[in-house]
Every structure is written in structure tokens, then in C-alpha cells.
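Student: Below you'll find the structure I mean.
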Amino acid sequence: MVEEDREKPAETPLPLVVAWTRSVLYGACETLRVLEEIFFPHLCIYCGTRVDDEEVSRRAVPEVAICSDCQQRLIPPQWIGCLRCGRFEADEFPGRRCSRCTREEFEFDAVLPFGKYQDELRLAIFRMKTPRGEILARALAVMFYEYRKRLLQGVRADVIVPVPMHRFYRWRRGINNPDIIADVLGEKLGLPVEKHLLHCVRMTYSQREVSMEERRQNVRGVFAADPRAQLWTGKHALLVDDVVTTGATASEAAMVLKRDLGFRRVSVASIARAKGEIIPQKKATSHSPRAKK
């Protein structure tokens, strides 16, 4: 039998299929982008203003999700201050060393602040201390690095150590800002971050709740070195905190790092330096790191 000729269905050219698929996918992507702009708009994490790509290009630090106007209010002027305690009034004295700390004994060797604890930066730090403040803390840490890069690199630290928080306060607040700042600086500087070298071993009053004269007594004995930690004999630690006021907390932490872990130098990096009066303290005893077990 002779098979009957049958008409074959017309084949759809492959380029048309590809073009149709791309058109559908593009339409879906555009729909998702519009929905994202409606329900999840790009907002400044500080003021909540909606931002666009053009606004991002105007930012001093583009990678930070803070709008250009807020960045300009948060960015401090060039730092000219005391190389020892971090105060900003360097024009009051010659030699970059202020009269308030030339006669005092601190356990740390230098303070590197981002800005003064005032105005917009002060408000930002208050917001940073809330359970939802982690994103803002990371943003401020990036800005800190970008604007104090030469100072931070110049200390040539070997390790970054955040100032610890008592576990009860950590549980109540949810975050420890020095941990977040230390993580960012460690990534930017290419340094290890050791969060367990120091422990906060007792609860204290908030430093804001005690007088300037009582602050050293309030933090005395509050830190202890991890007994399992290795010695860092002759090394340089970059101690990270969010605010330095009198220097009492930083000095106590630096003392433990030097005495119990063998660090030779401890520099302090902080988001803000408050204008706290320097509290006198007696000259510390010589450092004698514990014997390595």
C-alpha cells in the first residue's frame, strides 16, 4: 500500500522560542522589580528616605546604605587630637599631646576616634544600641574605616579585640556593638578578631549613671582574660569600643590584656570620643603575663 501523504505541522523556529522566553522572563523581572520598589523600597537606614541609583552615586561612601545627606551630617571633620587619649582639642597644646593626660597613667597607648560624641553622631550611637541597631553599627564601622584608614592602618596591630559585655546585658540588648565594629574593621584591615580573649566577669552600673570620679572604681576588676587563651607576648592589640569618655573602661581592659596575655601595646579604636574629664590613677604595677600552661 502506498502511504498517504500527510501534512507535517509547521515547526516553530528556535529563535522565536528564545525571543518569546526572554520577553516573558523580562516582563516577570520588571514586575518583580516594581513590586520590590512598592513593598521593599530602598531606604536610608538612618532617616528612612527613599533613595535611587542617582542618589547612591552622590554618597561619600557608596557601599553604606545611608543617604548622602545623612552621611554628610555624620562624617566628622579631619581628626586633629591628642595621640594618647584621643581628645579633639589638639590646638590647645603643642606636640599633639593634651595637658589633661600628660601627667596621667593609662594602660592603653593611643586612642583613635572616628568623631566627637555630639550632635548627629551621638544620636546615631543611641540608635545603634537598640536590638535593630546592628545594620547601623556596621555602616558606621565602614565609614570609620574609610575616613580614618591611615590612622587605623598606621597602628600596625596584630589582632582586634572588642570590649566585652556582661552576658546579662548582652541577653537584654541582643547585640554588643564593639563586636560588630570589630568584625568590620577586621575584614577591612585583614586582621583576626578575637572575641573571647576578654570576658566581662561582673555586672556594673552603667558608666552614664556614675560620676566621672567613680568611673574607674566602677569598672575595676570587671574584665578577666580567658584562662585558655594563648599568650600574645610582645604583640599589639587594637581594642574596639563604641564610645570612649574618661578612658576608664578602655584602660581597665588594656591592663588585663597586657598583664595576663602579654600584649606589649594596646591601641583603642572607637566610633566616638566624648569630652569626659581625665580621671587620675596611680601608676600601674609592672606587667607580668601569667605563665603559659
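Following the order of the C-alpha cells, first chain is A, next is B, and so on, with residues numbered from 1 inside each chain and ligands from 1 in the order they appear.
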May I have the residues within 8 Å of stretch 146-161 of chain A as an mmCIF file with N, CA, C and O atoms, in the first residue's frame, using only C-alpha atoms and disregarding those fewer than 5 positions away in the same chain?
Tutor:
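Final file, out_12.cif:
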data_model
loop_
_atom_site.group_PDB
_atom_site.id
_atom_site.type_symbol
_atom_site.label_atom_id
_atom_site.label_comp_id
_atom_site.auth_asym_id
_atom_site.auth_seq_id
_atom_site.Cartn_x
_atom_site.Cartn_y
_atom_site.Cartn_z
ATOM 1 N N VAL A 61 30.454 57.479 50.816
ATOM 2 C CA VAL A 61 30.806 56.053 50.942
ATOM 3 C C VAL A 61 29.658 55.269 50.326
ATOM 4 O O VAL A 61 28.677 54.939 50.988
ATOM 5 N N LEU A 112 42.097 56.091 68.887
ATOM 6 C CA LEU A 112 41.820 56.513 67.511
ATOM 7 C C LEU A 112 40.310 56.635 67.352
ATOM 8 O O LEU A 112 39.615 55.645 67.136
ATOM 9 N N PHE A 114 36.616 58.049 65.607
ATOM 10 C CA PHE A 114 36.030 58.463 64.341
ATOM 11 C C PHE A 114 35.564 59.910 64.433
ATOM 12 O O PHE A 114 35.847 60.727 63.564
ATOM 13 N N ALA A 182 34.207 45.558 65.431
ATOM 14 C CA ALA A 182 35.452 44.793 65.309
ATOM 15 C C ALA A 182 35.425 43.887 64.079
ATOM 16 O O ALA A 182 36.431 43.747 63.383
ATOM 17 N N GLY A 186 38.123 44.241 61.224
ATOM 18 C CA GLY A 186 38.954 43.079 60.952
ATOM 19 C C GLY A 186 38.944 42.710 59.482
ATOM 20 O O GLY A 186 39.984 42.392 58.898
ATOM 21 N N LEU A 189 40.869 45.603 57.561
ATOM 22 C CA LEU A 189 42.309 45.657 57.844
ATOM 23 C C LEU A 189 43.007 44.320 57.612
ATOM 24 O O LEU A 189 44.236 44.260 57.665
ATOM 25 N N LEU A 191 42.788 41.650 59.605
ATOM 26 C CA LEU A 191 43.313 41.205 60.899
ATOM 27 C C LEU A 191 42.344 40.228 61.554
ATOM 28 O O LEU A 191 41.123 40.332 61.368
ATOM 29 N N PRO A 192 42.858 39.297 62.346
ATOM 30 C CA PRO A 192 41.967 38.399 63.082
ATOM 31 C C PRO A 192 41.230 39.141 64.174
ATOM 32 O O PRO A 192 41.749 40.114 64.742
ATOM 33 N N VAL A 193 40.019 38.694 64.470
ATOM 34 C CA VAL A 193 39.206 39.268 65.548
ATOM 35 C C VAL A 193 39.044 38.207 66.622
ATOM 36 O O VAL A 193 38.508 37.127 66.365
ATOM 37 N N GLU A 194 39.516 38.507 67.822
ATOM 38 C CA GLU A 194 39.446 37.559 68.944
ATOM 39 C C GLU A 194 38.422 38.073 69.959
ATOM 40 O O GLU A 194 38.702 38.993 70.717
ATOM 41 N N LYS A 195 37.231 37.462 69.958
ATOM 42 C CA LYS A 195 36.148 37.928 70.829
ATOM 43 C C LYS A 195 36.144 37.247 72.200
ATOM 44 O O LYS A 195 35.317 37.589 73.035
ATOM 45 N N LEU A 197 39.121 36.618 74.103
ATOM 46 C CA LEU A 197 40.310 36.861 74.926
ATOM 47 C C LEU A 197 39.932 37.505 76.251
ATOM 48 O O LEU A 197 40.544 37.233 77.280
ATOM 49 N N LEU A 198 38.927 38.375 76.200
ATOM 50 C CA LEU A 198 38.465 39.072 77.397
ATOM 51 C C LEU A 198 37.039 38.655 77.726
ATOM 52 O O LEU A 198 36.221 38.430 76.826
ATOM 53 N N LYS A 235 52.983 41.453 71.331
ATOM 54 C CA LYS A 235 52.096 41.814 70.226
ATOM 55 C C LYS A 235 51.339 43.110 70.525
ATOM 56 O O LYS A 235 51.365 43.646 71.631
ATOM 57 N N HIS A 236 50.637 43.590 69.506
ATOM 58 C CA HIS A 236 49.897 44.858 69.579
ATOM 59 C C HIS A 236 48.420 44.578 69.347
ATOM 60 O O HIS A 236 48.045 44.043 68.299
ATOM 61 N N ALA A 237 47.586 44.917 70.316
ATOM 62 C CA ALA A 237 46.142 44.707 70.204
ATOM 63 C C ALA A 237 45.442 46.011 69.863
ATOM 64 O O ALA A 237 45.795 47.076 70.385
ATOM 65 N N LEU A 238 44.440 45.924 68.982
ATOM 66 C CA LEU A 238 43.558 47.054 68.699
ATOM 67 C C LEU A 238 42.247 46.780 69.431
ATOM 68 O O LEU A 238 41.458 45.933 69.025
ATOM 69 N N LEU A 239 42.050 47.470 70.538
ATOM 70 C CA LEU A 239 40.860 47.307 71.374
ATOM 71 C C LEU A 239 39.740 48.179 70.802
ATOM 72 O O LEU A 239 39.943 49.368 70.553
ATOM 73 N N VAL A 240 38.557 47.596 70.597
ATOM 74 C CA VAL A 240 37.460 48.308 69.927
ATOM 75 C C VAL A 240 36.312 48.541 70.896
ATOM 76 O O VAL A 240 35.848 47.616 71.572
ATOM 77 N N SER A 267 46.167 49.766 71.480
ATOM 78 C CA SER A 267 45.552 50.988 70.961
ATOM 79 C C SER A 267 44.036 50.797 70.975
ATOM 80 O O SER A 267 43.544 49.674 70.880
ATOM 81 N N ALA A 269 40.321 51.833 69.340
ATOM 82 C CA ALA A 269 39.558 52.405 68.229
ATOM 83 C C ALA A 269 38.113 52.547 68.679
ATOM 84 O O ALA A 269 37.509 51.577 69.147
#
Student: With only C-alpha atoms as the counted atoms, please give the residues lying no more than 9 Å from A:Lys116, apart from itself and same-chain residues fewer than 5 positions off, as a list of chain:residue names.
Tutor: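 Near neighbours after the sequence-gap exclusion: A:Pro76, A:Arg87, A:Phe88, A:Leu121, A:Arg122, A:Ile271, A:Ala272, A:Arg273, A:Ala274, A:Lys275.
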Student: Once you have the residues from the selection above, write them out as a compact mmCIF listing (two decimals), in the first residue's frame, restricted to all heavy atoms.
Tutor:
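Generated file (result-v5.txt):
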# COMPACT_ATOMS: atom_id res chain seq x y z
N PRO A 76 32.64 63.27 60.46
CA PRO A 76 33.28 64.32 61.25
C PRO A 76 34.38 65.02 60.45
O PRO A 76 34.81 64.53 59.41
CB PRO A 76 33.88 63.55 62.42
CG PRO A 76 34.18 62.20 61.85
CD PRO A 76 33.11 61.93 60.83
N ARG A 87 41.44 63.02 72.60
CA ARG A 87 40.66 64.25 72.64
C ARG A 87 40.90 65.07 71.37
O ARG A 87 41.98 65.04 70.80
CB ARG A 87 41.03 65.07 73.87
CG ARG A 87 40.51 64.49 75.18
CD ARG A 87 41.01 65.32 76.35
NE ARG A 87 40.46 66.66 76.30
CZ ARG A 87 39.31 67.02 76.87
NH1 ARG A 87 38.59 66.13 77.52
NH2 ARG A 87 38.89 68.25 76.80
N PHE A 88 39.88 65.82 70.95
CA PHE A 88 39.95 66.54 69.68
C PHE A 88 40.57 67.92 69.80
O PHE A 88 40.86 68.55 68.80
CB PHE A 88 38.54 66.69 69.09
CG PHE A 88 38.09 65.47 68.33
CD1 PHE A 88 37.70 64.33 69.00
CD2 PHE A 88 38.09 65.46 66.95
CE1 PHE A 88 37.29 63.21 68.32
CE2 PHE A 88 37.69 64.34 66.24
CZ PHE A 88 37.28 63.21 66.94
N LEU A 121 26.25 62.30 65.38
CA LEU A 121 26.95 61.06 65.70
C LEU A 121 26.50 60.52 67.06
O LEU A 121 26.37 59.31 67.25
CB LEU A 121 28.46 61.28 65.69
CG LEU A 121 29.32 60.02 65.81
CD1 LEU A 121 29.02 59.03 64.70
CD2 LEU A 121 30.80 60.38 65.82
N ARG A 122 26.25 61.39 68.00
CA ARG A 122 25.75 60.98 69.32
C ARG A 122 24.39 60.31 69.18
O ARG A 122 24.12 59.25 69.77
CB ARG A 122 25.66 62.18 70.25
CG ARG A 122 25.17 61.87 71.65
CD ARG A 122 25.30 63.12 72.52
NE ARG A 122 24.82 62.89 73.88
CZ ARG A 122 23.58 63.14 74.27
NH1 ARG A 122 22.70 63.64 73.39
NH2 ARG A 122 23.20 62.91 75.51
N ILE A 271 34.14 54.59 67.87
CA ILE A 271 33.32 55.39 66.97
C ILE A 271 33.30 56.85 67.42
O ILE A 271 33.34 57.77 66.60
CB ILE A 271 31.89 54.84 66.90
CG1 ILE A 271 31.88 53.44 66.26
CG2 ILE A 271 30.98 55.77 66.12
CD1 ILE A 271 32.30 53.42 64.80
N ALA A 272 33.25 57.08 68.73
CA ALA A 272 33.16 58.46 69.22
C ALA A 272 34.04 58.66 70.45
O ALA A 272 34.27 57.73 71.23
CB ALA A 272 31.71 58.81 69.56
N ARG A 273 34.50 59.88 70.59
CA ARG A 273 35.27 60.29 71.77
C ARG A 273 34.49 61.40 72.46
O ARG A 273 34.28 62.48 71.90
CB ARG A 273 36.66 60.79 71.36
CG ARG A 273 37.51 61.32 72.52
CD ARG A 273 37.81 60.22 73.52
NE ARG A 273 38.87 60.59 74.45
CZ ARG A 273 38.68 61.15 75.65
NH1 ARG A 273 37.44 61.46 76.04
NH2 ARG A 273 39.71 61.40 76.43
N ALA A 274 34.00 61.10 73.67
CA ALA A 274 33.26 62.10 74.43
C ALA A 274 34.24 63.01 75.15
O ALA A 274 35.38 62.65 75.42
CB ALA A 274 32.32 61.43 75.42
N LYS A 275 33.76 64.19 75.51
CA LYS A 275 34.62 65.17 76.17
C LYS A 275 34.57 64.94 77.67
O LYS A 275 34.15 65.80 78.45
CB LYS A 275 34.19 66.59 75.82
CG LYS A 275 35.22 67.65 76.17
CD LYS A 275 34.78 69.01 75.67
CE LYS A 275 35.82 70.08 75.99
NZ LYS A 275 35.43 71.40 75.50
Student: Pick from A:Leu231, A:Val163, A:Ala137, A:Ile66: nearest to A:Ala253, with only C-alpha atoms counted?
Tutor: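 Closest to A:Ala253 of all the choices is A:Val163.
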Student: Which one of A:Arg167, A:Lys188, A:Arg58, A:Arg173 sits closest to A:Gly133 if you count only C-alpha atoms?
Tutor: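 So, comparing all the options, the nearest one is A:Arg173.
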Student: Which parts of stretch 24-260 of chain A does DSSP call strand (DSSP E) when run on the backbone here, written out as an MDAnalysis selection string?
Tutor: chainID A and resid 110:116 159:162 198:200 223:225 236:244
Student: Between atom CA of A:Arg132 and atom CA of A:Cys47, what is the distance, to one decimal in Å?
Tutor: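 Computing the Euclidean distance for atom CA of A:Arg132 and atom CA of A:Cys47 yields 14.1 Å.
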Student: Considering only C-alpha atoms, can you say which of A:Asp183, A:Asp69, A:Glu55, A:Asp226 comes closest to A:Val256?
Tutor: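 The answer is A:Asp226, which sits nearest to A:Val256.
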Student: Could you give me, as a VMD selection string, the residues within 12 Å of A:Glu54, counting only C-alpha atoms and dropping anything in the same chain fewer than 4 positions from it?
Tutor: chain A and resid 50 58 to 59 62 67 to 68
Student: Keeping only all heavy atoms, take the residues you just selected and write them out as a PDB file, in the first residue's frame.
Tutor:
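As written to disk, out-v2.pdb reads:
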ATOM      1  N   ARG A  50      13.479  57.453  50.882  1.00  0.00           N
ATOM      2  CA  ARG A  50      13.632  56.593  49.710  1.00  0.00           C
ATOM      3  C   ARG A  50      14.797  57.097  48.855  1.00  0.00           C
ATOM      4  O   ARG A  50      14.925  58.304  48.626  1.00  0.00           O
ATOM      5  CB  ARG A  50      12.352  56.585  48.881  1.00  0.00           C
ATOM      6  CG  ARG A  50      12.383  55.609  47.695  1.00  0.00           C
ATOM      7  CD  ARG A  50      11.150  55.819  46.823  1.00  0.00           C
ATOM      8  NE  ARG A  50       9.939  55.436  47.522  1.00  0.00           N
ATOM      9  CZ  ARG A  50       9.373  54.234  47.444  1.00  0.00           C
ATOM     10  NH1 ARG A  50       9.927  53.312  46.669  1.00  0.00           N
ATOM     11  NH2 ARG A  50       8.274  53.957  48.103  1.00  0.00           N
ATOM     12  N   ARG A  58      25.977  59.792  44.646  1.00  0.00           N
ATOM     13  CA  ARG A  58      26.405  61.019  45.312  1.00  0.00           C
ATOM     14  C   ARG A  58      26.958  60.765  46.713  1.00  0.00           C
ATOM     15  O   ARG A  58      27.462  61.679  47.358  1.00  0.00           O
ATOM     16  CB  ARG A  58      25.232  62.002  45.414  1.00  0.00           C
ATOM     17  CG  ARG A  58      24.675  62.481  44.085  1.00  0.00           C
ATOM     18  CD  ARG A  58      23.828  63.722  44.281  1.00  0.00           C
ATOM     19  NE  ARG A  58      22.720  63.484  45.193  1.00  0.00           N
ATOM     20  CZ  ARG A  58      21.506  63.090  44.810  1.00  0.00           C
ATOM     21  NH1 ARG A  58      21.258  62.873  43.522  1.00  0.00           N
ATOM     22  NH2 ARG A  58      20.539  62.894  45.697  1.00  0.00           N
ATOM     23  N   ARG A  59      26.877  59.544  47.194  1.00  0.00           N
ATOM     24  CA  ARG A  59      27.321  59.244  48.557  1.00  0.00           C
ATOM     25  C   ARG A  59      28.835  59.302  48.671  1.00  0.00           C
ATOM     26  O   ARG A  59      29.557  58.896  47.766  1.00  0.00           O
ATOM     27  CB  ARG A  59      26.845  57.856  48.982  1.00  0.00           C
ATOM     28  CG  ARG A  59      25.341  57.714  49.099  1.00  0.00           C
ATOM     29  CD  ARG A  59      24.978  56.298  49.475  1.00  0.00           C
ATOM     30  NE  ARG A  59      23.540  56.078  49.402  1.00  0.00           N
ATOM     31  CZ  ARG A  59      22.962  54.887  49.523  1.00  0.00           C
ATOM     32  NH1 ARG A  59      23.717  53.815  49.730  1.00  0.00           N
ATOM     33  NH2 ARG A  59      21.657  54.766  49.449  1.00  0.00           N
ATOM     34  N   PRO A  62      29.734  54.934  49.018  1.00  0.00           N
ATOM     35  CA  PRO A  62      28.602  54.326  48.313  1.00  0.00           C
ATOM     36  C   PRO A  62      28.130  53.005  48.905  1.00  0.00           C
ATOM     37  O   PRO A  62      26.944  52.685  48.840  1.00  0.00           O
ATOM     38  CB  PRO A  62      29.146  54.136  46.889  1.00  0.00           C
ATOM     39  CG  PRO A  62      30.245  55.139  46.760  1.00  0.00           C
ATOM     40  CD  PRO A  62      30.851  55.222  48.116  1.00  0.00           C
ATOM     41  N   CYS A  67      21.911  57.603  53.213  1.00  0.00           N
ATOM     42  CA  CYS A  67      21.819  58.564  52.119  1.00  0.00           C
ATOM     43  C   CYS A  67      22.919  59.616  52.225  1.00  0.00           C
ATOM     44  O   CYS A  67      23.535  59.813  53.275  1.00  0.00           O
ATOM     45  CB  CYS A  67      20.439  59.215  52.095  1.00  0.00           C
ATOM     46  SG  CYS A  67      20.126  60.370  53.448  1.00  0.00           S
ATOM     47  N   SER A  68      23.155  60.299  51.115  1.00  0.00           N
ATOM     48  CA  SER A  68      24.257  61.259  51.051  1.00  0.00           C
ATOM     49  C   SER A  68      24.088  62.393  52.052  1.00  0.00           C
ATOM     50  O   SER A  68      25.059  62.849  52.661  1.00  0.00           O
ATOM     51  CB  SER A  68      24.375  61.825  49.631  1.00  0.00           C
ATOM     52  OG  SER A  68      23.145  62.418  49.222  1.00  0.00           O
TER      53      SER A  68
END
Student: So what do you get for atom CA of A:Gly86 versus atom CA of A:Cys98, distance-wise?
Tutor: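 Straight-line distance from atom CA of A:Gly86 to atom CA of A:Cys98 works out to 9.0 Å.
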Student: How many Å lie between atom CA of A:Asp179 and atom CA of A:Thr249, rounded to one decimal?
Tutor: 15.6 Å
